[in-house]
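One file, input-v9.tsv, is given below (TSV, C-alpha atoms).
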```tsv
chain	number	residue	atom	x	y	z
A	123	MET	CA	0.00	0.00	0.00
A	124	ILE	CA	2.87	2.38	0.83
A	125	LYS	CA	4.47	1.52	-2.50
A	126	LYS	CA	1.24	2.39	-4.29
A	127	PHE	CA	1.00	5.68	-2.36
A	128	PHE	CA	4.57	6.74	-3.32
A	129	LYS	CA	3.92	5.75	-6.91
A	130	HIS	CA	0.82	8.00	-7.10
A	131	LEU	CA	2.63	10.79	-5.24
A	132	ALA	CA	5.55	10.63	-7.71
A	133	VAL	CA	3.15	10.79	-10.68
A	134	ALA	CA	1.30	13.76	-9.10
A	135	ILE	CA	4.55	15.66	-8.43
A	136	LEU	CA	5.80	14.97	-11.94
A	137	PHE	CA	2.44	16.11	-13.38
A	138	CYS	CA	2.56	19.35	-11.36
A	139	PHE	CA	6.13	19.95	-12.46
A	140	PHE	CA	5.19	19.69	-16.16
A	141	ILE	CA	2.12	21.88	-15.80
A	142	THR	CA	3.98	24.72	-14.10
A	143	SER	CA	7.20	24.53	-16.07
A	144	CYS	CA	5.62	24.82	-19.54
A	145	THR	CA	3.56	27.94	-19.06
A	146	LYS	CA	4.60	31.32	-20.30
A	147	GLU	CA	2.64	34.49	-20.68
A	148	VAL	CA	1.39	34.88	-24.26
A	149	ASP	CA	1.06	38.31	-25.86
A	150	PHE	CA	-1.83	38.10	-28.31
A	151	ASN	CA	-1.31	41.75	-29.31
A	152	GLN	CA	1.66	40.61	-31.40
A	153	ALA	CA	-0.85	39.53	-34.06
A	154	LYS	CA	-1.65	43.21	-34.71
A	155	ASP	CA	1.81	43.59	-36.27
A	156	LEU	CA	1.39	40.57	-38.55
A	157	THR	CA	2.16	41.01	-42.25
A	158	LEU	CA	1.98	38.13	-44.71
A	159	GLU	CA	3.67	38.36	-48.11
A	160	PRO	CA	2.73	35.24	-50.08
A	161	VAL	CA	3.49	34.73	-53.77
A	162	LEU	CA	0.87	32.90	-55.82
A	163	ALA	CA	1.24	31.50	-59.33
A	164	SER	CA	-1.61	30.52	-61.60
A	165	ASP	CA	-2.07	29.53	-65.24
A	166	LEU	CA	-3.96	32.23	-67.11
A	167	ILE	CA	-4.30	31.80	-70.86
A	168	PHE	CA	-3.71	28.93	-73.24
A	169	PHE	CA	-4.00	29.24	-77.02
A	170	ASN	CA	-3.13	26.59	-79.61
A	171	ALA	CA	-3.63	27.11	-83.35
A	172	PRO	CA	-2.46	24.73	-86.07
A	173	ALA	CA	-1.20	26.41	-89.24
A	174	ALA	CA	-4.39	25.35	-91.03
A	175	ASN	CA	-6.36	27.78	-88.80
A	176	PHE	CA	-4.77	30.61	-90.81
A	177	PHE	CA	-6.32	29.24	-94.05
A	178	VAL	CA	-10.10	29.53	-94.28
A	179	ASP	CA	-12.32	29.11	-97.39
A	180	GLY	CA	-9.32	29.07	-99.73
A	181	SER	CA	-7.81	32.28	-98.35
A	182	GLU	CA	-4.89	32.89	-96.04
A	183	LEU	CA	-5.78	34.84	-92.91
A	184	SER	CA	-3.11	37.11	-91.55
A	185	THR	CA	-4.80	37.57	-88.16
A	186	ILE	CA	-6.63	35.43	-85.62
A	187	ARG	CA	-8.23	36.94	-82.52
A	188	ASP	CA	-9.37	35.40	-79.30
A	189	SER	CA	-10.59	36.96	-76.09
A	190	VAL	CA	-11.15	35.88	-72.54
A	191	ILE	CA	-13.13	37.49	-69.74
A	192	ILE	CA	-11.20	37.46	-66.46
A	193	ASP	CA	-13.22	38.62	-63.50
A	194	LEU	CA	-10.33	38.32	-61.08
A	195	PHE	CA	-8.28	41.48	-61.14
A	196	ASN	CA	-10.94	43.88	-59.88
A	197	ARG	CA	-12.10	41.83	-56.89
A	198	ASP	CA	-11.66	43.52	-53.50
A	199	PHE	CA	-9.07	41.03	-52.24
A	200	VAL	CA	-6.89	41.53	-55.32
A	201	VAL	CA	-7.30	45.32	-55.33
A	202	ASP	CA	-6.44	45.55	-51.63
A	203	ASN	CA	-3.59	43.05	-51.39
A	204	VAL	CA	-1.77	42.54	-54.72
A	205	VAL	CA	1.32	44.77	-54.80
A	206	LYS	CA	2.95	43.38	-57.95
A	207	ALA	CA	2.07	40.97	-60.74
A	208	GLU	CA	4.14	39.32	-63.44
A	209	PHE	CA	2.69	37.61	-66.49
A	210	VAL	CA	5.01	35.15	-68.17
A	211	PHE	CA	4.06	34.43	-71.79
A	212	GLU	CA	5.63	31.52	-73.63
A	213	THR	CA	5.03	31.17	-77.36
A	214	THR	CA	5.97	28.04	-79.25
A	215	ASN	CA	6.05	28.30	-83.04
A	216	SER	CA	6.67	25.37	-85.38
A	217	ILE	CA	5.32	27.12	-88.52
A	218	ASN	CA	7.68	28.53	-91.15
A	219	ARG	CA	6.29	32.04	-90.53
A	220	ALA	CA	7.12	34.65	-87.93
A	221	PHE	CA	4.24	35.78	-85.73
A	222	SER	CA	3.44	38.63	-83.41
A	223	VAL	CA	1.05	38.21	-80.51
A	224	GLN	CA	-0.54	41.38	-79.23
A	225	VAL	CA	-2.03	41.20	-75.75
A	226	ASP	CA	-4.60	43.89	-74.88
A	227	PHE	CA	-6.12	44.47	-71.44
A	228	LEU	CA	-9.53	46.18	-71.47
A	229	ASP	CA	-11.88	47.36	-68.75
A	230	ASP	CA	-15.63	46.65	-68.55
A	231	THR	CA	-16.36	49.48	-71.04
A	232	ASP	CA	-13.83	47.98	-73.53
A	233	LEU	CA	-11.42	50.85	-72.96
A	234	LEU	CA	-7.80	49.77	-73.56
A	235	LYS	CA	-5.83	49.86	-70.30
A	236	HIS	CA	-2.55	48.19	-71.31
A	237	SER	CA	-1.08	46.48	-74.35
A	238	PHE	CA	2.14	44.75	-75.33
A	239	THR	CA	3.42	42.56	-78.15
A	240	VAL	CA	5.39	39.32	-78.12
A	241	SER	CA	7.19	38.32	-81.33
A	242	THR	CA	8.27	34.84	-82.31
A	243	LEU	CA	10.62	33.80	-85.10
A	244	ALA	CA	9.72	31.56	-88.03
A	245	SER	CA	10.60	27.86	-87.84
A	246	PRO	CA	12.01	26.86	-91.27
A	247	THR	CA	12.45	23.22	-90.13
A	248	ASN	CA	9.05	23.05	-88.35
A	249	THR	CA	10.73	22.43	-85.01
A	250	ASP	CA	9.56	24.29	-81.93
A	251	VAL	CA	10.92	27.83	-81.55
A	252	VAL	CA	10.18	28.99	-78.03
A	253	THR	CA	10.02	32.66	-77.04
A	254	THR	CA	9.41	33.89	-73.51
A	255	HIS	CA	8.26	37.35	-72.47
A	256	THR	CA	7.61	38.62	-68.94
A	257	GLU	CA	5.35	41.65	-68.44
A	258	VAL	CA	5.70	43.23	-64.98
A	259	PHE	CA	2.78	45.13	-63.47
A	260	GLU	CA	3.72	47.64	-60.77
A	261	ASN	CA	2.48	51.12	-59.81
A	262	SER	CA	0.32	52.61	-62.62
A	263	LEU	CA	0.49	49.41	-64.70
A	264	LEU	CA	-0.78	47.46	-61.69
A	265	ASP	CA	-3.65	49.93	-61.35
A	266	ALA	CA	-4.46	49.39	-65.04
A	267	LEU	CA	-4.43	45.62	-64.52
A	268	LYS	CA	-6.74	45.85	-61.50
A	269	VAL	CA	-9.46	47.57	-63.56
A	270	SER	CA	-9.10	45.15	-66.50
A	271	ASN	CA	-11.54	42.32	-66.98
A	272	LYS	CA	-10.96	41.29	-70.58
A	273	ILE	CA	-7.85	40.13	-72.42
A	274	ILE	CA	-7.77	40.10	-76.23
A	275	LEU	CA	-5.09	38.12	-78.04
A	276	THR	CA	-4.34	39.09	-81.63
A	277	ILE	CA	-2.07	36.61	-83.39
A	278	GLN	CA	-0.72	37.95	-86.66
A	279	ALA	CA	1.24	35.98	-89.25
A	280	LEU	CA	4.01	38.26	-90.49
A	281	SER	CA	5.13	38.44	-94.11
A	282	GLY	CA	7.86	36.11	-95.34
A	283	GLY	CA	8.22	32.39	-94.89
A	284	SER	CA	5.94	29.79	-96.44
A	285	ALA	CA	2.41	30.48	-97.63
A	286	LEU	CA	-0.20	29.02	-95.28
A	287	ASN	CA	-2.77	26.49	-96.47
A	288	ASP	CA	-4.64	23.39	-95.26
A	289	ASN	CA	-1.48	21.27	-95.54
A	290	THR	CA	0.99	23.62	-93.85
A	291	PRO	CA	2.70	21.79	-90.99
A	292	GLY	CA	3.17	23.24	-87.52
A	293	ARG	CA	1.30	25.24	-84.93
A	294	ILE	CA	1.60	28.35	-82.82
A	295	GLN	CA	0.92	27.97	-79.14
A	296	LEU	CA	0.71	30.51	-76.32
A	297	LYS	CA	0.81	29.66	-72.63
A	298	SER	CA	0.82	32.18	-69.84
A	299	LYS	CA	0.96	32.20	-66.10
A	300	GLY	CA	0.47	34.95	-63.60
A	301	ILE	CA	2.67	35.42	-60.56
A	302	PHE	CA	0.98	37.56	-57.94
A	303	TYR	CA	2.85	39.18	-55.05
A	304	LEU	CA	0.56	39.92	-52.12
A	305	LYS	CA	0.99	41.93	-48.95
A	306	ILE	CA	-1.66	41.13	-46.38
A	307	GLU	CA	-1.58	43.24	-43.23
A	308	GLU	CA	-3.72	42.82	-40.14
A	309	SER	CA	-6.11	45.74	-39.81
A	310	GLU	CA	-7.98	46.72	-36.70
```
Show me the file's structure as structure tokens.
Amino acid sequence: MIKKFFKHLAVAILFCFFITSCTKEVDFNQAKDLTLEPVLASDLIFFNAPAANFFVDGSELSTIRDSVIIDLFNRDFVVDNVVKAEFVFETTNSINRAFSVQVDFLDDTDLLKHSFTVSTLASPTNTDVVTTHTEVFENSLLDALKVSNKIILTIQALSGGSALNDNTPGRIQLKSKGIFYLKIEESE
């Protein structure tokens, strides 16, 4: 019985020791100074056009257009917390023609807010020619991006190279991703 008593007493003392030794005053006001700066990456636009898409009803087209509505940039969370954005555009051309890809950002009234062009070289051997372009949005360009909700891609076949028809080999492809730099601060 005495052995059992000392065993329980030892466990109780050890338990009390752990309870009192692990406590420390916690200052919850430290959370008021919290700033998070995550970086998020997301795929944005994908476009793939075989050379035959530039030949319609027996005629060569010099331009193809596509548009996408993106209702992301003008949301409150993005407007309040995104401090920088980078769009990385990668074009892959395996057509024996040079191309330019114009990227236009428009607001909800179709007013142009920002535009840039990516050029890609012709591929005489129909192997992939990859071109990368990074567009950085900061300050006034970031403000223009935040009011944009439509992106129009204009792909133009430039003069020179082979004529395009139904049998022309190759394709032009555009992939893009957005990298968003956020700064989230605790507000009272």
Could you give me, as a PyMOL selection string, the residues within 7 Å of range 222-230 of chain A, counting all atoms listed in the file and dropping anything in the same chain fewer than 3 positions from it? chain A and resi 233-242+269-279
Any idea what the distance is between CA of Glu308 in chain A and CA of Leu166 in chain A?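 According to the coordinates, CA of Glu308 in chain A and CA of Leu166 in chain A are separated by 29.0 Å.
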So, with only C-alpha atoms as the atoms that count, which of A:Glu307, A:Asp250, A:Asp265, A:Glu208 lies closest to Leu162 in chain A? A:Glu208
Pairwise distance for CA of Asp179 in chain A and CA of Lys297 in chain A, rounded to one decimal in Å: 28.0 Å
Kindly indicate which residue among A:Pro291, A:Val252, A:Ile167, A:Pro160 lies nearest to Ile191 in chain A, using only C-alpha atoms for the distances. A:Ile167
Which is closer to Gly292 in chain A than all the others in A:Phe169, A:Asn261, A:Asn248, A:Val204, using only C-alpha atoms?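 Counting only C-alpha atoms, the residue closest to Gly292 in chain A is A:Asn248.
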Name the closest residue to Gly180 in chain A among the candidates A:Gln295, A:Thr249, A:Asn218, A:Asn287; distances are taken between atoms, counting all atoms listed in the file.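 The shortest atom-to-atom distance to Gly180 in chain A comes from A:Asn287.
Between CA of Phe177 in chain A and CA of Ala285 in chain A the interatomic distance comes to 9.5 Å.
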Please identify all polymer residues within 9 Å of Leu264 in chain A, counting all atoms listed in the file, omitting same-chain residues fewer than 3 positions from it, and present them as a PyMOL selection string. chain A and resi 204-207+258-261+267-269
Nearest to Ser184 in chain A: which of A:Asp165, A:Asp288, A:Leu280, A:Leu263 is it, counting all atoms listed in the file? A:Leu280
Under the rule that only C-alpha atoms are counted, which of A:Ser164, A:Leu296, A:Ser245, A:Thr185 is the nearest residue to Thr214 in chain A? A:Leu296
